[in-house]
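Colleague: Next up, query_10.txt (compact mmCIF, N, CA and C atoms).
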# COMPACT_ATOMS: atom_id res chain seq x y z
N ILE Y 1 -62.80 34.49 57.55
CA ILE Y 1 -62.69 35.80 58.18
C ILE Y 1 -64.11 36.32 58.44
N VAL Y 2 -64.37 36.73 59.66
CA VAL Y 2 -65.69 37.22 60.05
C VAL Y 2 -65.91 38.62 59.44
N PRO Y 3 -67.02 38.81 58.70
CA PRO Y 3 -67.24 40.08 58.02
C PRO Y 3 -67.76 41.21 58.91
N ALA Y 4 -68.45 40.86 60.00
CA ALA Y 4 -69.05 41.90 60.84
C ALA Y 4 -69.10 41.41 62.29
N THR Y 5 -68.99 42.33 63.22
CA THR Y 5 -69.07 42.00 64.65
C THR Y 5 -70.49 41.55 64.98
N GLY Y 6 -70.60 40.49 65.79
CA GLY Y 6 -71.92 40.00 66.19
C GLY Y 6 -71.84 38.66 66.87
N THR Y 7 -73.01 38.06 67.08
CA THR Y 7 -73.13 36.74 67.67
C THR Y 7 -73.26 35.73 66.55
N TYR Y 8 -72.44 34.69 66.59
CA TYR Y 8 -72.40 33.69 65.52
C TYR Y 8 -72.59 32.29 66.07
N GLN Y 9 -73.27 31.47 65.29
CA GLN Y 9 -73.36 30.04 65.58
C GLN Y 9 -72.32 29.34 64.71
N LEU Y 10 -71.44 28.57 65.35
CA LEU Y 10 -70.40 27.82 64.64
C LEU Y 10 -70.76 26.34 64.74
N SER Y 11 -70.85 25.67 63.61
CA SER Y 11 -71.19 24.25 63.59
C SER Y 11 -70.18 23.48 62.75
N LEU Y 12 -69.56 22.48 63.36
CA LEU Y 12 -68.60 21.63 62.67
C LEU Y 12 -69.16 20.22 62.62
N ASN Y 13 -69.18 19.63 61.44
CA ASN Y 13 -69.57 18.24 61.27
C ASN Y 13 -68.44 17.56 60.52
N VAL Y 14 -68.00 16.40 61.01
CA VAL Y 14 -66.88 15.69 60.41
C VAL Y 14 -67.23 14.22 60.24
N ARG Y 15 -66.86 13.67 59.07
CA ARG Y 15 -66.95 12.22 58.86
C ARG Y 15 -65.56 11.71 58.51
N LEU Y 16 -65.12 10.70 59.24
CA LEU Y 16 -63.80 10.11 59.00
C LEU Y 16 -63.86 9.12 57.86
N GLU Y 17 -62.72 8.97 57.18
CA GLU Y 17 -62.61 8.02 56.08
C GLU Y 17 -61.39 7.15 56.25
N GLY Y 18 -61.53 5.85 55.96
CA GLY Y 18 -60.38 4.96 55.92
C GLY Y 18 -59.67 4.76 57.25
N VAL Y 19 -60.41 4.72 58.33
CA VAL Y 19 -59.79 4.50 59.64
C VAL Y 19 -60.30 3.19 60.23
N SER Y 20 -59.48 2.58 61.07
CA SER Y 20 -59.89 1.32 61.71
C SER Y 20 -60.65 1.61 63.00
N ALA Y 21 -61.45 0.64 63.42
CA ALA Y 21 -62.23 0.78 64.64
C ALA Y 21 -61.30 1.10 65.81
N GLY Y 22 -61.76 2.01 66.67
CA GLY Y 22 -60.98 2.39 67.83
C GLY Y 22 -60.11 3.61 67.61
N THR Y 23 -59.95 4.04 66.35
CA THR Y 23 -59.17 5.24 66.06
C THR Y 23 -59.91 6.46 66.59
N THR Y 24 -59.20 7.33 67.30
CA THR Y 24 -59.82 8.57 67.77
C THR Y 24 -59.23 9.75 67.00
N ALA Y 25 -60.05 10.77 66.82
CA ALA Y 25 -59.63 11.94 66.05
C ALA Y 25 -60.19 13.21 66.68
N PRO Y 26 -59.34 14.02 67.32
CA PRO Y 26 -59.80 15.28 67.89
C PRO Y 26 -59.78 16.41 66.85
N PHE Y 27 -60.76 17.29 66.94
CA PHE Y 27 -60.87 18.46 66.07
C PHE Y 27 -61.17 19.68 66.93
N ASP Y 28 -60.58 20.81 66.59
CA ASP Y 28 -60.82 22.06 67.30
C ASP Y 28 -61.33 23.12 66.34
N ILE Y 29 -62.29 23.91 66.82
CA ILE Y 29 -62.65 25.16 66.14
C ILE Y 29 -61.88 26.25 66.86
N LYS Y 30 -61.19 27.10 66.08
CA LYS Y 30 -60.37 28.15 66.67
C LYS Y 30 -60.82 29.53 66.20
N GLN Y 31 -60.70 30.47 67.11
CA GLN Y 31 -60.91 31.89 66.82
C GLN Y 31 -59.56 32.56 67.03
N ASN Y 32 -59.00 33.10 65.95
CA ASN Y 32 -57.68 33.74 66.02
C ASN Y 32 -56.66 32.83 66.71
N ASN Y 33 -56.64 31.56 66.33
CA ASN Y 33 -55.70 30.54 66.83
C ASN Y 33 -55.91 30.12 68.28
N SER Y 34 -57.03 30.51 68.91
CA SER Y 34 -57.37 30.05 70.25
C SER Y 34 -58.57 29.11 70.17
N VAL Y 35 -58.49 27.95 70.82
CA VAL Y 35 -59.57 26.97 70.78
C VAL Y 35 -60.82 27.52 71.46
N ILE Y 36 -61.95 27.44 70.75
CA ILE Y 36 -63.22 27.88 71.33
C ILE Y 36 -64.24 26.75 71.41
N ALA Y 37 -64.00 25.63 70.68
CA ALA Y 37 -64.88 24.46 70.75
C ALA Y 37 -64.10 23.25 70.24
N SER Y 38 -64.41 22.07 70.81
CA SER Y 38 -63.69 20.85 70.43
C SER Y 38 -64.65 19.68 70.32
N THR Y 39 -64.26 18.69 69.53
CA THR Y 39 -64.97 17.43 69.48
C THR Y 39 -63.96 16.33 69.23
N GLU Y 40 -64.25 15.12 69.70
CA GLU Y 40 -63.37 13.98 69.44
C GLU Y 40 -64.23 12.83 68.94
N LEU Y 41 -63.83 12.29 67.80
CA LEU Y 41 -64.56 11.18 67.21
C LEU Y 41 -63.82 9.88 67.49
N GLU Y 42 -64.58 8.82 67.67
CA GLU Y 42 -63.98 7.49 67.76
C GLU Y 42 -64.63 6.63 66.70
N ALA Y 43 -63.81 6.07 65.83
CA ALA Y 43 -64.31 5.21 64.76
C ALA Y 43 -64.83 3.91 65.36
N THR Y 44 -66.09 3.61 65.09
CA THR Y 44 -66.69 2.39 65.61
C THR Y 44 -67.25 1.52 64.49
N GLY Y 45 -66.91 1.84 63.25
CA GLY Y 45 -67.43 1.11 62.11
C GLY Y 45 -68.50 1.94 61.42
N GLY Y 46 -68.91 1.49 60.27
CA GLY Y 46 -69.90 2.26 59.51
C GLY Y 46 -69.31 3.57 59.05
N LEU Y 47 -70.03 4.66 59.28
CA LEU Y 47 -69.58 5.99 58.90
C LEU Y 47 -69.37 6.81 60.17
N PRO Y 48 -68.17 6.78 60.74
CA PRO Y 48 -67.94 7.52 61.98
C PRO Y 48 -68.04 9.02 61.76
N THR Y 49 -68.99 9.65 62.43
CA THR Y 49 -69.19 11.08 62.30
C THR Y 49 -69.29 11.71 63.69
N GLY Y 50 -69.06 13.00 63.74
CA GLY Y 50 -69.22 13.74 64.98
C GLY Y 50 -69.45 15.19 64.67
N SER Y 51 -69.98 15.90 65.63
CA SER Y 51 -70.25 17.31 65.40
C SER Y 51 -70.16 18.07 66.71
N VAL Y 52 -69.99 19.38 66.57
CA VAL Y 52 -69.99 20.28 67.71
C VAL Y 52 -70.58 21.60 67.24
N THR Y 53 -71.41 22.21 68.08
CA THR Y 53 -72.00 23.51 67.78
C THR Y 53 -71.76 24.42 68.97
N ASP Y 54 -71.43 25.67 68.68
CA ASP Y 54 -71.16 26.63 69.74
C ASP Y 54 -71.64 28.00 69.28
N VAL Y 55 -71.97 28.87 70.22
CA VAL Y 55 -72.35 30.26 69.92
C VAL Y 55 -71.28 31.14 70.52
N GLN Y 56 -70.75 32.06 69.71
CA GLN Y 56 -69.65 32.93 70.13
C GLN Y 56 -69.87 34.36 69.68
N GLU Y 57 -69.38 35.29 70.48
CA GLU Y 57 -69.32 36.69 70.05
C GLU Y 57 -68.03 36.84 69.25
N LEU Y 58 -68.14 37.27 68.01
CA LEU Y 58 -66.98 37.44 67.14
C LEU Y 58 -66.91 38.89 66.66
N THR Y 59 -65.69 39.31 66.36
CA THR Y 59 -65.43 40.68 65.93
C THR Y 59 -65.03 40.68 64.47
N SER Y 60 -65.45 41.70 63.75
CA SER Y 60 -65.08 41.84 62.35
C SER Y 60 -63.57 41.63 62.19
N GLY Y 61 -63.19 40.76 61.27
CA GLY Y 61 -61.78 40.46 61.03
C GLY Y 61 -61.26 39.24 61.75
N ASP Y 62 -62.05 38.69 62.71
CA ASP Y 62 -61.62 37.46 63.38
C ASP Y 62 -61.50 36.33 62.36
N SER Y 63 -60.53 35.47 62.59
CA SER Y 63 -60.32 34.29 61.76
C SER Y 63 -60.91 33.08 62.47
N VAL Y 64 -61.74 32.31 61.77
CA VAL Y 64 -62.32 31.08 62.33
C VAL Y 64 -61.79 29.92 61.49
N THR Y 65 -61.11 28.98 62.15
CA THR Y 65 -60.50 27.85 61.46
C THR Y 65 -60.78 26.54 62.20
N VAL Y 66 -60.49 25.42 61.54
CA VAL Y 66 -60.62 24.10 62.14
C VAL Y 66 -59.27 23.41 62.07
N ASP Y 67 -58.86 22.79 63.16
CA ASP Y 67 -57.63 22.00 63.20
C ASP Y 67 -57.97 20.53 63.28
N ASN Y 68 -57.39 19.77 62.37
CA ASN Y 68 -57.44 18.31 62.39
C ASN Y 68 -56.02 17.86 62.72
N PHE Y 69 -55.65 17.91 63.99
CA PHE Y 69 -54.28 17.61 64.36
C PHE Y 69 -54.02 16.14 64.55
N SER Y 70 -55.04 15.29 64.30
CA SER Y 70 -54.84 13.85 64.38
C SER Y 70 -54.25 13.29 63.09
N GLY Y 71 -54.44 14.01 61.99
CA GLY Y 71 -53.92 13.55 60.71
C GLY Y 71 -54.79 12.54 59.99
N VAL Y 72 -55.96 12.20 60.54
CA VAL Y 72 -56.84 11.25 59.86
C VAL Y 72 -57.48 11.93 58.64
N THR Y 73 -57.92 11.12 57.70
CA THR Y 73 -58.57 11.63 56.50
C THR Y 73 -60.04 11.88 56.79
N VAL Y 74 -60.54 13.02 56.36
CA VAL Y 74 -61.96 13.32 56.52
C VAL Y 74 -62.63 13.24 55.15
N ALA Y 75 -63.90 12.89 55.15
CA ALA Y 75 -64.66 12.79 53.91
C ALA Y 75 -64.93 14.19 53.38
N ALA Y 76 -64.76 14.34 52.09
CA ALA Y 76 -64.99 15.63 51.45
C ALA Y 76 -66.46 15.79 51.08
N GLY Y 77 -66.87 17.02 50.89
CA GLY Y 77 -68.23 17.28 50.43
C GLY Y 77 -69.10 17.85 51.53
N GLY Y 78 -69.99 18.74 51.15
CA GLY Y 78 -70.85 19.44 52.09
C GLY Y 78 -71.80 18.56 52.87
N ASN Y 79 -72.06 17.34 52.40
CA ASN Y 79 -72.96 16.45 53.13
C ASN Y 79 -72.25 15.69 54.23
N ASN Y 80 -70.92 15.73 54.22
CA ASN Y 80 -70.14 14.91 55.15
C ASN Y 80 -69.34 15.73 56.15
N THR Y 81 -68.55 16.65 55.65
CA THR Y 81 -67.65 17.43 56.49
C THR Y 81 -67.80 18.90 56.15
N PHE Y 82 -68.16 19.70 57.15
CA PHE Y 82 -68.33 21.12 56.88
C PHE Y 82 -68.24 21.93 58.17
N LEU Y 83 -67.91 23.21 58.00
CA LEU Y 83 -67.96 24.20 59.08
C LEU Y 83 -68.90 25.29 58.60
N SER Y 84 -69.94 25.55 59.37
CA SER Y 84 -70.83 26.66 59.03
C SER Y 84 -70.68 27.74 60.09
N VAL Y 85 -70.66 28.99 59.63
CA VAL Y 85 -70.54 30.15 60.50
C VAL Y 85 -71.72 31.05 60.15
N ILE Y 86 -72.70 31.13 61.04
CA ILE Y 86 -73.95 31.85 60.76
C ILE Y 86 -74.12 32.98 61.76
N ARG Y 87 -74.29 34.18 61.26
CA ARG Y 87 -74.50 35.34 62.14
C ARG Y 87 -75.94 35.33 62.66
N LEU Y 88 -76.09 35.35 63.98
CA LEU Y 88 -77.41 35.31 64.60
C LEU Y 88 -77.93 36.72 64.85
N GLU Y 89 -77.05 37.66 65.19
CA GLU Y 89 -77.45 39.04 65.42
C GLU Y 89 -76.28 39.96 65.26
The structure in this file should be written as C-alpha cells.

Modeller:
Amino acid sequence: IVPATGTYQLSLNVRLEGVSAGTTAPFDIKQNNSVIASTELEATGGLPTGSVTDVQELTSGDSVTVDNFSGVTVAAGGNNTFLSVIRLE
C-alpha cells in the first residue's frame, strides 16, 4: 500500500527455479489491479532472470502487487526475486 502521493520507481526482479529450457513466464506489476508494467522471462539454462523498472505517479492508498500467472516457481530471497517501490518525489 502506497503511504503518500508522489512519483515512485517500481522495480521487479525475478529468478525462476526448477523450469526446463524454453519455459516462458510472464509477470505483471499492478496498481489497484490494473497492469502498469510487464516482463516475460524465458528459461535458457543457468539462472533465468528478468527485470522491469517503471516510474509511476501513485496516490496514497494505492495497492501495488505482482502477478505470477504462469504458475512457475520463483527463487526466494532478496538477492533473487524482489519488488522495490521507491518514492522519488

Colleague: Near region 26-42 of chain Y, counting all atoms listed in the file, which residues have an atom at most 5 Å away, once you skip same-chain residues fewer than 4 positions from it, shown as a compact mmCIF listing (two decimals) with N, CA and C atoms, keeping the file's coordinate frame?

Modeller:
# COMPACT_ATOMS: atom_id res chain seq x y z
N SER Y 63 -60.53 35.47 62.59
CA SER Y 63 -60.32 34.29 61.76
C SER Y 63 -60.91 33.08 62.47
N VAL Y 64 -61.74 32.31 61.77
CA VAL Y 64 -62.32 31.08 62.33
C VAL Y 64 -61.79 29.92 61.49
N THR Y 65 -61.11 28.98 62.15
CA THR Y 65 -60.50 27.85 61.46
C THR Y 65 -60.78 26.54 62.20
N VAL Y 66 -60.49 25.42 61.54
CA VAL Y 66 -60.62 24.10 62.14
C VAL Y 66 -59.27 23.41 62.07
N ASP Y 67 -58.86 22.79 63.16
CA ASP Y 67 -57.63 22.00 63.20
C ASP Y 67 -57.97 20.53 63.28

Colleague: Grab the CA of Glu17 (chain Y) to CA of Ser84 (chain Y) distance for me, in Å with one decimal place.

Modeller: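 Taking CA of Glu17 (chain Y) as the start and CA of Ser84 (chain Y) as the end point, the length is 20.6 Å.
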
Colleague: Which of these residues is nearest to Ser51 (chain Y), using only C-alpha atoms: Y:Leu12, Y:Ile86, Y:Val74, Y:Gly18?

Modeller: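 Among the listed residues, Y:Leu12 lies closest to Ser51 (chain Y).
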
Colleague: Expressed in Å to a single decimal, how great is the separation between atom N of Pro3 (chain Y) and atom N of Gly71 (chain Y)?

Modeller: 28.0 Å

Colleague: Residues near Gly50 (chain Y), anyone? I mean within 7 Å using only C-alpha atoms, not counting same-chain ones fewer than 3 positions away, as number ranges by chain.

Modeller: Y: 13-15, 41

Colleague: Report, in Å with one decimal, the straight-line distance from atom N of Gln56 (chain Y) to atom C of Gly77 (chain Y).

Modeller: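 Those two atoms sit 23.1 Å apart.
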
Colleague: Name all residues at most 7 Å from Val2 (chain Y) (count only C-alpha atoms; drop same-chain ones fewer than 4 positions away) and give them as a PDB file with N, CA and C atoms, in the coordinates of the input.

Modeller:
ATOM      1  N   THR Y  59     -65.690  39.310  66.360  1.00  0.00           N
ATOM      2  CA  THR Y  59     -65.430  40.680  65.930  1.00  0.00           C
ATOM      3  C   THR Y  59     -65.030  40.680  64.470  1.00  0.00           C
ATOM      4  N   SER Y  60     -65.450  41.700  63.750  1.00  0.00           N
ATOM      5  CA  SER Y  60     -65.080  41.840  62.350  1.00  0.00           C
ATOM      6  C   SER Y  60     -63.570  41.630  62.190  1.00  0.00           C
ATOM      7  N   GLY Y  61     -63.190  40.760  61.270  1.00  0.00           N
ATOM      8  CA  GLY Y  61     -61.780  40.460  61.030  1.00  0.00           C
ATOM      9  C   GLY Y  61     -61.260  39.240  61.750  1.00  0.00           C
ATOM     10  N   ASP Y  62     -62.050  38.690  62.710  1.00  0.00           N
ATOM     11  CA  ASP Y  62     -61.620  37.460  63.380  1.00  0.00           C
ATOM     12  C   ASP Y  62     -61.500  36.330  62.360  1.00  0.00           C
ATOM     13  N   SER Y  63     -60.530  35.470  62.590  1.00  0.00           N
ATOM     14  CA  SER Y  63     -60.320  34.290  61.760  1.00  0.00           C
ATOM     15  C   SER Y  63     -60.910  33.080  62.470  1.00  0.00           C
TER      16      SER Y  63
END

Colleague: Would you give me, as a PyMOL selection string, the residues in chain Y that DSSP reads as strand (DSSP E)?

Modeller: chain Y and resi 6-17+24-31+34-42+49-58+64-67+73-74+82-87

Colleague: When distances are computed from only N, CA and C atoms, which of Y:Thr5, Y:Leu83, Y:Leu58, Y:Ala25 shows the smallest separation from Ser70 (chain Y)?

Modeller: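 Between Y:Thr5, Y:Leu83, Y:Leu58, Y:Ala25, the residue approaching Ser70 (chain Y) most closely is Y:Ala25.
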
Colleague: When you look at Glu57 (chain Y) with a cut-off of 8 Å (counting only N, CA and C atoms), what residues show up, excluding the ones that are within fewer than 6 positions of it in the same chain? I need them as a VMD selection string.

Modeller: chain Y and resid 5 to 9
